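Asks: Let me give you the structure first, and then I'll get to my questions.
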Amino acid sequence: MSRIGNSPILLPEGVTLDIQEDLIIVRGKLGELTQSYSGVIFENKNGVLNVINPLETKDSNAKHGLYRALVNNMVEGVSKGFTKELELVGVGYRATNQAQILDLALGYSHNLVFDVAPEVKVETISEKGKNPIIKLRSHDKQLIGFVAAKIKSFRKPEPYKGKGIRFVGEEIRRKAGKSA
């Protein structure tokens with residue numbers, strides 16, 4: 001039995017649900033998200049959504065908590081949205097954007113140009129004396145995580161000097177260099 005699956009989802013003001021046979025659609029002020037599902041039943045009563053596990057098999061127990069978490073992230077996304085911030089650490093590392101096109105200077109012989117998905121709003125912040133920051137905003141938690149991971153993969157943080165792209169506040173485990 002899933003503890004996460006048993007907890008109810010409170011629907012904030014302005015969020016509507018459309019539950020179909022194998023598809024759930026969540027609409028809010030920031031957008032619309034859809035998710036297909038199987039093996040569970042959704043029950044909406046007075047702004048409280050419950051996920052019911054009818055079979056109690058190993059597969060449906062796994063899906064019980066999974067679909068509750070996915071729908072909760074959808075509800076939170078269309079009502080509040082999600083934000084991720086990436087920090088570029090390294091001499092000469094820069095980031096600029098023109099609308100949805102992100103231009104990164106990461107110490108390679110050429111700049112990397114990355115076309116960000118239209119659902120994700122990108123903003124770059126460059127202040128003198130501080131590391132450049134890439135700020136991503138979206139209502140889709142899965143998509144913003146994928147875009148952030150893709151940007152981070154261009155220059156992963158290395159353990160000796162700590163240079164690379166990391167999330168703001170992320171701690172990099174440092175290694176000692178060669179000892180003479």
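Labeling convention for the structure tokens: chains A, B, ... as they appear, residues from 1 per chain, ligands from 1 in order of appearance.
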Near Leu30 in chain A, counting only C-alpha atoms, which residues have an atom at most 9 Å away, once you skip same-chain residues fewer than 3 positions from it, shown as number ranges by chain?

Replies: A: 27, 77-81, 138-139

Asks: Can you tell me which residues surround Ile101 in chain A at a distance of at most 12 Å, considering only C-alpha atoms, apart from same-chain residues fewer than 4 positions away, and format the answer as a ChimeraX atom specification?

Replies: /A:95-97,112-118,120-124

Asks: Smallest atom-to-atom distance to Gly164 in chain A: which of A:Thr57, A:Asn72, A:Asn131, A:Gln20, using only C-alpha atoms?

Replies: A:Asn131

Asks: Find, counting only C-alpha atoms, the residue in A:Pro8, A:Gly39, A:Ala176, A:Leu23 that gets nearest to Val51 in chain A.

Replies: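 Of A:Pro8, A:Gly39, A:Ala176, A:Leu23, the one nearest Val51 in chain A, counting only C-alpha atoms, is A:Pro8.
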
Asks: Which of these residues is nearest to Glu21 in chain A, using only C-alpha atoms: A:His64, A:Phe42, A:Asn6, A:Arg155?

Replies: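 Closest candidate: A:Phe42.
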
Asks: Run DSSP on the backbone of this structure and report the residues of range 46-152 of chain A it assigns to strand (DSSP E or B), as JSON, numbers by chain.

Replies: {"A": [48, 49, 50, 51, 52, 82, 83, 84, 85, 86, 87, 88, 89, 94, 95, 96, 97, 98, 101, 102, 103, 104, 105, 112, 113, 114, 115, 121, 122, 123, 124, 125, 133, 134, 135, 136, 137, 138]}

Asks: Keeping only N, CA and C atoms, write the selected residues as a short mmCIF file (atom, residue, chain, number, x, y, z; two decimals), in the first residue's frame.

Replies:
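What follows is the written file again-v9.cif:
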data_model
loop_
_atom_site.label_atom_id
_atom_site.label_comp_id
_atom_site.auth_asym_id
_atom_site.auth_seq_id
_atom_site.Cartn_x
_atom_site.Cartn_y
_atom_site.Cartn_z
N VAL A 48 -11.26 18.12 -3.82
CA VAL A 48 -10.26 17.21 -3.27
C VAL A 48 -10.20 15.99 -4.18
N LEU A 49 -9.01 15.71 -4.72
CA LEU A 49 -8.82 14.59 -5.63
C LEU A 49 -8.18 13.44 -4.88
N ASN A 50 -8.78 12.26 -4.98
CA ASN A 50 -8.25 11.06 -4.36
C ASN A 50 -7.90 10.05 -5.45
N VAL A 51 -6.80 9.34 -5.24
CA VAL A 51 -6.39 8.27 -6.16
C VAL A 51 -6.70 6.96 -5.46
N ILE A 52 -7.51 6.12 -6.12
CA ILE A 52 -7.95 4.86 -5.53
C ILE A 52 -7.27 3.71 -6.26
N PHE A 82 7.06 26.19 -11.86
CA PHE A 82 8.33 25.71 -11.32
C PHE A 82 9.46 26.57 -11.85
N THR A 83 10.51 26.72 -11.05
CA THR A 83 11.68 27.50 -11.42
C THR A 83 12.94 26.71 -11.11
N LYS A 84 13.89 26.71 -12.04
CA LYS A 84 15.21 26.12 -11.81
C LYS A 84 16.25 27.15 -12.19
N GLU A 85 17.31 27.25 -11.39
CA GLU A 85 18.39 28.19 -11.66
C GLU A 85 19.70 27.42 -11.80
N LEU A 86 20.43 27.69 -12.88
CA LEU A 86 21.72 27.09 -13.14
C LEU A 86 22.79 28.17 -13.05
N GLU A 87 23.93 27.82 -12.47
CA GLU A 87 25.03 28.76 -12.28
C GLU A 87 26.23 28.28 -13.11
N LEU A 88 26.86 29.19 -13.85
CA LEU A 88 28.04 28.88 -14.65
C LEU A 88 29.28 29.29 -13.86
N VAL A 89 30.09 28.31 -13.46
CA VAL A 89 31.28 28.56 -12.66
C VAL A 89 32.50 28.29 -13.52
N ARG A 94 30.08 32.36 -20.06
CA ARG A 94 29.04 33.36 -20.21
C ARG A 94 27.79 32.73 -20.78
N ALA A 95 26.65 33.38 -20.53
CA ALA A 95 25.37 32.94 -21.08
C ALA A 95 24.56 34.16 -21.48
N THR A 96 24.01 34.13 -22.68
CA THR A 96 23.10 35.17 -23.14
C THR A 96 21.93 34.49 -23.84
N ASN A 97 20.82 35.20 -23.90
CA ASN A 97 19.67 34.63 -24.61
C ASN A 97 18.99 35.68 -25.46
N GLN A 98 18.49 35.23 -26.60
CA GLN A 98 17.64 36.02 -27.48
C GLN A 98 16.34 35.24 -27.59
N ILE A 101 16.46 31.26 -27.58
CA ILE A 101 17.74 30.73 -28.01
C ILE A 101 18.80 31.12 -26.98
N LEU A 102 19.43 30.11 -26.40
CA LEU A 102 20.44 30.30 -25.36
C LEU A 102 21.82 30.14 -25.97
N ASP A 103 22.68 31.15 -25.80
CA ASP A 103 24.05 31.14 -26.33
C ASP A 103 25.00 30.99 -25.16
N LEU A 104 25.77 29.90 -25.15
CA LEU A 104 26.66 29.59 -24.02
C LEU A 104 28.11 29.61 -24.47
N ALA A 105 28.96 30.34 -23.74
CA ALA A 105 30.41 30.31 -23.93
C ALA A 105 30.98 29.54 -22.75
N LEU A 112 28.15 27.43 -27.80
CA LEU A 112 27.07 26.46 -27.96
C LEU A 112 25.76 27.22 -28.03
N VAL A 113 24.95 26.91 -29.03
CA VAL A 113 23.65 27.55 -29.21
C VAL A 113 22.59 26.48 -28.95
N PHE A 114 21.71 26.74 -27.98
CA PHE A 114 20.70 25.77 -27.56
C PHE A 114 19.32 26.39 -27.70
N ASP A 115 18.45 25.74 -28.47
CA ASP A 115 17.09 26.21 -28.68
C ASP A 115 16.20 25.60 -27.59
N LYS A 121 10.36 29.23 -20.24
CA LYS A 121 10.83 30.60 -20.38
C LYS A 121 12.24 30.69 -19.81
N VAL A 122 13.16 31.24 -20.60
CA VAL A 122 14.55 31.31 -20.18
C VAL A 122 14.95 32.76 -19.98
N GLU A 123 15.80 32.99 -18.96
CA GLU A 123 16.31 34.32 -18.64
C GLU A 123 17.74 34.16 -18.16
N THR A 124 18.62 35.04 -18.61
CA THR A 124 20.01 35.00 -18.16
C THR A 124 20.31 36.25 -17.34
N ILE A 125 21.06 36.05 -16.26
CA ILE A 125 21.42 37.14 -15.36
C ILE A 125 22.95 37.18 -15.26
N ILE A 133 23.97 33.39 -14.28
CA ILE A 133 22.88 32.49 -13.86
C ILE A 133 21.89 32.36 -15.00
N ILE A 134 21.46 31.14 -15.24
CA ILE A 134 20.40 30.85 -16.21
C ILE A 134 19.16 30.49 -15.41
N LYS A 135 18.08 31.23 -15.58
CA LYS A 135 16.84 30.99 -14.84
C LYS A 135 15.80 30.42 -15.80
N LEU A 136 15.27 29.24 -15.48
CA LEU A 136 14.26 28.56 -16.29
C LEU A 136 12.94 28.55 -15.53
N ARG A 137 11.83 28.86 -16.25
CA ARG A 137 10.49 28.83 -15.65
C ARG A 137 9.56 28.06 -16.56
N SER A 138 8.70 27.21 -15.96
CA SER A 138 7.71 26.47 -16.74
C SER A 138 6.63 25.94 -15.82
#

Asks: Could you please determine the separation between CA of Thr34 in chain A and CA of Lys58 in chain A in Å, to one decimal place?

Replies: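 Computing it gives 25.1 Å between the two atoms.
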
Asks: Determine, counting only C-alpha atoms, which protein, DNA and RNA residues have an atom within 8 Å of an atom of Tyr37 in chain A; residues of the same chain fewer than 3 positions away are not included. Present the result as a ChimeraX atom specification.

Replies: /A:22-24,40,67

Asks: Could you write those residues out with all heavy atoms, as a PDB file, in the first residue's frame?

Replies:
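Now in result.pdb:
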ATOM      1  N   ASP A  22      -8.796   6.997 -19.770  1.00  0.00           N
ATOM      2  CA  ASP A  22      -7.374   6.707 -19.575  1.00  0.00           C
ATOM      3  C   ASP A  22      -6.510   7.960 -19.701  1.00  0.00           C
ATOM      4  O   ASP A  22      -5.328   7.872 -19.978  1.00  0.00           O
ATOM      5  CB  ASP A  22      -6.902   5.652 -20.569  1.00  0.00           C
ATOM      6  CG  ASP A  22      -7.039   6.112 -22.012  1.00  0.00           C
ATOM      7  OD1 ASP A  22      -7.746   7.112 -22.234  1.00  0.00           O
ATOM      8  OD2 ASP A  22      -6.439   5.482 -22.899  1.00  0.00           O
ATOM      9  N   LEU A  23      -7.112   9.139 -19.459  1.00  0.00           N
ATOM     10  CA  LEU A  23      -6.406  10.407 -19.613  1.00  0.00           C
ATOM     11  C   LEU A  23      -6.933  11.401 -18.589  1.00  0.00           C
ATOM     12  O   LEU A  23      -8.136  11.465 -18.356  1.00  0.00           O
ATOM     13  CB  LEU A  23      -6.621  10.949 -21.032  1.00  0.00           C
ATOM     14  CG  LEU A  23      -5.821  12.154 -21.456  1.00  0.00           C
ATOM     15  CD1 LEU A  23      -4.366  11.762 -21.700  1.00  0.00           C
ATOM     16  CD2 LEU A  23      -6.402  12.742 -22.731  1.00  0.00           C
ATOM     17  N   ILE A  24      -6.023  12.147 -17.984  1.00  0.00           N
ATOM     18  CA  ILE A  24      -6.435  13.206 -17.063  1.00  0.00           C
ATOM     19  C   ILE A  24      -5.843  14.522 -17.579  1.00  0.00           C
ATOM     20  O   ILE A  24      -4.675  14.576 -17.970  1.00  0.00           O
ATOM     21  CB  ILE A  24      -5.998  12.906 -15.606  1.00  0.00           C
ATOM     22  CG1 ILE A  24      -6.573  13.944 -14.650  1.00  0.00           C
ATOM     23  CG2 ILE A  24      -4.515  12.797 -15.459  1.00  0.00           C
ATOM     24  CD1 ILE A  24      -6.541  13.527 -13.209  1.00  0.00           C
ATOM     25  N   VAL A  40      -5.463   2.706 -11.918  1.00  0.00           N
ATOM     26  CA  VAL A  40      -5.963   3.443 -10.761  1.00  0.00           C
ATOM     27  C   VAL A  40      -7.247   4.168 -11.152  1.00  0.00           C
ATOM     28  O   VAL A  40      -7.574   4.287 -12.330  1.00  0.00           O
ATOM     29  CB  VAL A  40      -4.930   4.468 -10.224  1.00  0.00           C
ATOM     30  CG1 VAL A  40      -3.707   3.787  -9.669  1.00  0.00           C
ATOM     31  CG2 VAL A  40      -4.546   5.470 -11.281  1.00  0.00           C
ATOM     32  N   TYR A  67       1.090   7.866 -10.015  1.00  0.00           N
ATOM     33  CA  TYR A  67       0.112   8.750 -10.638  1.00  0.00           C
ATOM     34  C   TYR A  67      -0.355   9.851  -9.684  1.00  0.00           C
ATOM     35  O   TYR A  67      -0.657  10.956 -10.116  1.00  0.00           O
ATOM     36  CB  TYR A  67      -1.071   7.962 -11.194  1.00  0.00           C
ATOM     37  CG  TYR A  67      -0.696   7.168 -12.421  1.00  0.00           C
ATOM     38  CD1 TYR A  67      -0.915   5.812 -12.496  1.00  0.00           C
ATOM     39  CD2 TYR A  67      -0.094   7.791 -13.503  1.00  0.00           C
ATOM     40  CE1 TYR A  67      -0.553   5.093 -13.616  1.00  0.00           C
ATOM     41  CE2 TYR A  67       0.275   7.085 -14.623  1.00  0.00           C
ATOM     42  CZ  TYR A  67       0.042   5.730 -14.686  1.00  0.00           C
ATOM     43  OH  TYR A  67       0.407   5.029 -15.797  1.00  0.00           O
TER      44      TYR A  67
END

Asks: So which bits of chain A end up alpha helix (DSSP H) when you DSSP the backbone, as a VMD selection string?

Replies: chain A and resid 3 to 6 58 to 79 141 to 153

Asks: Keeping only N, CA and C atoms, write the selected residues to a file as a short mmCIF file (atom, residue, chain, number, x, y, z; two decimals), in the first residue's frame.

Replies:
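Resulting contents of result-v2.cif:
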data_model
loop_
_atom_site.label_atom_id
_atom_site.label_comp_id
_atom_site.auth_asym_id
_atom_site.auth_seq_id
_atom_site.Cartn_x
_atom_site.Cartn_y
_atom_site.Cartn_z
N ARG A 3 1.80 5.02 0.76
CA ARG A 3 1.46 6.14 1.64
C ARG A 3 1.26 7.42 0.83
N ILE A 4 2.08 7.59 -0.20
CA ILE A 4 1.95 8.78 -1.04
C ILE A 4 0.64 8.72 -1.80
N GLY A 5 0.28 7.57 -2.33
CA GLY A 5 -0.95 7.43 -3.10
C GLY A 5 -2.20 7.67 -2.28
N ASN A 6 -2.14 7.43 -0.98
CA ASN A 6 -3.32 7.61 -0.13
C ASN A 6 -3.58 9.06 0.24
N LYS A 58 1.04 -5.85 -7.16
CA LYS A 58 2.33 -5.18 -7.08
C LYS A 58 2.41 -4.06 -8.12
N ASP A 59 1.92 -4.31 -9.33
CA ASP A 59 1.95 -3.31 -10.39
C ASP A 59 1.05 -2.12 -10.06
N SER A 60 -0.15 -2.38 -9.61
CA SER A 60 -1.08 -1.27 -9.31
C SER A 60 -0.65 -0.51 -8.06
N ASN A 61 0.00 -1.17 -7.11
CA ASN A 61 0.54 -0.46 -5.95
C ASN A 61 1.62 0.53 -6.36
N ALA A 62 2.46 0.14 -7.33
CA ALA A 62 3.50 1.03 -7.81
C ALA A 62 2.88 2.22 -8.55
N LYS A 63 1.87 1.96 -9.35
CA LYS A 63 1.21 3.02 -10.11
C LYS A 63 0.41 3.96 -9.22
N HIS A 64 -0.07 3.46 -8.08
CA HIS A 64 -0.87 4.27 -7.16
C HIS A 64 -0.12 5.52 -6.72
N GLY A 65 1.08 5.34 -6.20
CA GLY A 65 1.88 6.47 -5.75
C GLY A 65 2.42 7.29 -6.91
N LEU A 66 2.76 6.61 -8.01
CA LEU A 66 3.31 7.30 -9.18
C LEU A 66 2.31 8.29 -9.74
N TYR A 67 1.09 7.87 -10.02
CA TYR A 67 0.11 8.75 -10.64
C TYR A 67 -0.36 9.85 -9.68
N ARG A 68 -0.37 9.56 -8.39
CA ARG A 68 -0.71 10.61 -7.44
C ARG A 68 0.36 11.70 -7.47
N ALA A 69 1.64 11.32 -7.51
CA ALA A 69 2.73 12.29 -7.54
C ALA A 69 2.73 13.07 -8.85
N LEU A 70 2.48 12.39 -9.98
CA LEU A 70 2.46 13.07 -11.27
C LEU A 70 1.33 14.10 -11.34
N VAL A 71 0.14 13.71 -10.88
CA VAL A 71 -1.00 14.63 -10.94
C VAL A 71 -0.81 15.78 -9.96
N ASN A 72 -0.22 15.52 -8.80
CA ASN A 72 0.07 16.60 -7.85
C ASN A 72 1.05 17.61 -8.45
N ASN A 73 2.08 17.12 -9.16
CA ASN A 73 3.01 18.02 -9.83
C ASN A 73 2.32 18.82 -10.93
N MET A 74 1.36 18.21 -11.62
CA MET A 74 0.62 18.91 -12.66
C MET A 74 -0.22 20.02 -12.05
N VAL A 75 -0.90 19.73 -10.95
CA VAL A 75 -1.74 20.73 -10.27
C VAL A 75 -0.89 21.88 -9.76
N GLU A 76 0.24 21.56 -9.15
CA GLU A 76 1.14 22.60 -8.64
C GLU A 76 1.72 23.43 -9.79
N GLY A 77 2.03 22.78 -10.91
CA GLY A 77 2.60 23.47 -12.06
C GLY A 77 1.66 24.46 -12.70
N VAL A 78 0.40 24.08 -12.92
CA VAL A 78 -0.54 24.98 -13.59
C VAL A 78 -1.03 26.08 -12.65
N SER A 79 -0.84 25.92 -11.34
CA SER A 79 -1.26 26.97 -10.41
C SER A 79 -0.11 27.89 -10.03
N LYS A 141 6.89 20.23 -14.86
CA LYS A 141 8.05 19.86 -14.05
C LYS A 141 8.98 18.90 -14.79
N GLN A 142 8.43 17.96 -15.55
CA GLN A 142 9.25 17.01 -16.28
C GLN A 142 10.07 17.70 -17.36
N LEU A 143 9.44 18.61 -18.09
CA LEU A 143 10.12 19.30 -19.18
C LEU A 143 11.21 20.24 -18.66
N ILE A 144 10.94 20.98 -17.59
CA ILE A 144 11.95 21.90 -17.07
C ILE A 144 13.14 21.12 -16.50
N GLY A 145 12.90 19.96 -15.92
CA GLY A 145 13.99 19.12 -15.44
C GLY A 145 14.83 18.58 -16.58
N PHE A 146 14.18 18.19 -17.67
CA PHE A 146 14.90 17.69 -18.84
C PHE A 146 15.77 18.78 -19.46
N VAL A 147 15.21 19.99 -19.62
CA VAL A 147 15.96 21.10 -20.21
C VAL A 147 17.14 21.48 -19.33
N ALA A 148 16.94 21.53 -18.01
CA ALA A 148 18.03 21.87 -17.09
C ALA A 148 19.13 20.81 -17.14
N ALA A 149 18.75 19.54 -17.21
CA ALA A 149 19.75 18.46 -17.28
C ALA A 149 20.52 18.52 -18.60
N LYS A 150 19.84 18.88 -19.68
CA LYS A 150 20.50 18.99 -20.98
C LYS A 150 21.52 20.14 -20.98
N ILE A 151 21.14 21.28 -20.41
CA ILE A 151 22.06 22.42 -20.32
C ILE A 151 23.26 22.06 -19.44
N LYS A 152 23.00 21.37 -18.33
CA LYS A 152 24.07 20.99 -17.40
C LYS A 152 25.03 19.99 -18.06
N SER A 153 24.52 19.17 -18.99
CA SER A 153 25.37 18.15 -19.63
C SER A 153 26.39 18.77 -20.59
#

Asks: Report, in Å with one decimal, the straight-line distance from CA of Asp18 in chain A to CA of Leu55 in chain A.

Replies: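 Distance between the two atoms: 23.2 Å.
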
Asks: Would you please work out which residue, of A:Lys45, A:Lys156, A:Lys29, A:Lys163, is nearest to Ile9 in chain A when using only C-alpha atoms?

Replies: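 Answer, going by the shortest atom-to-atom distance: A:Lys45.
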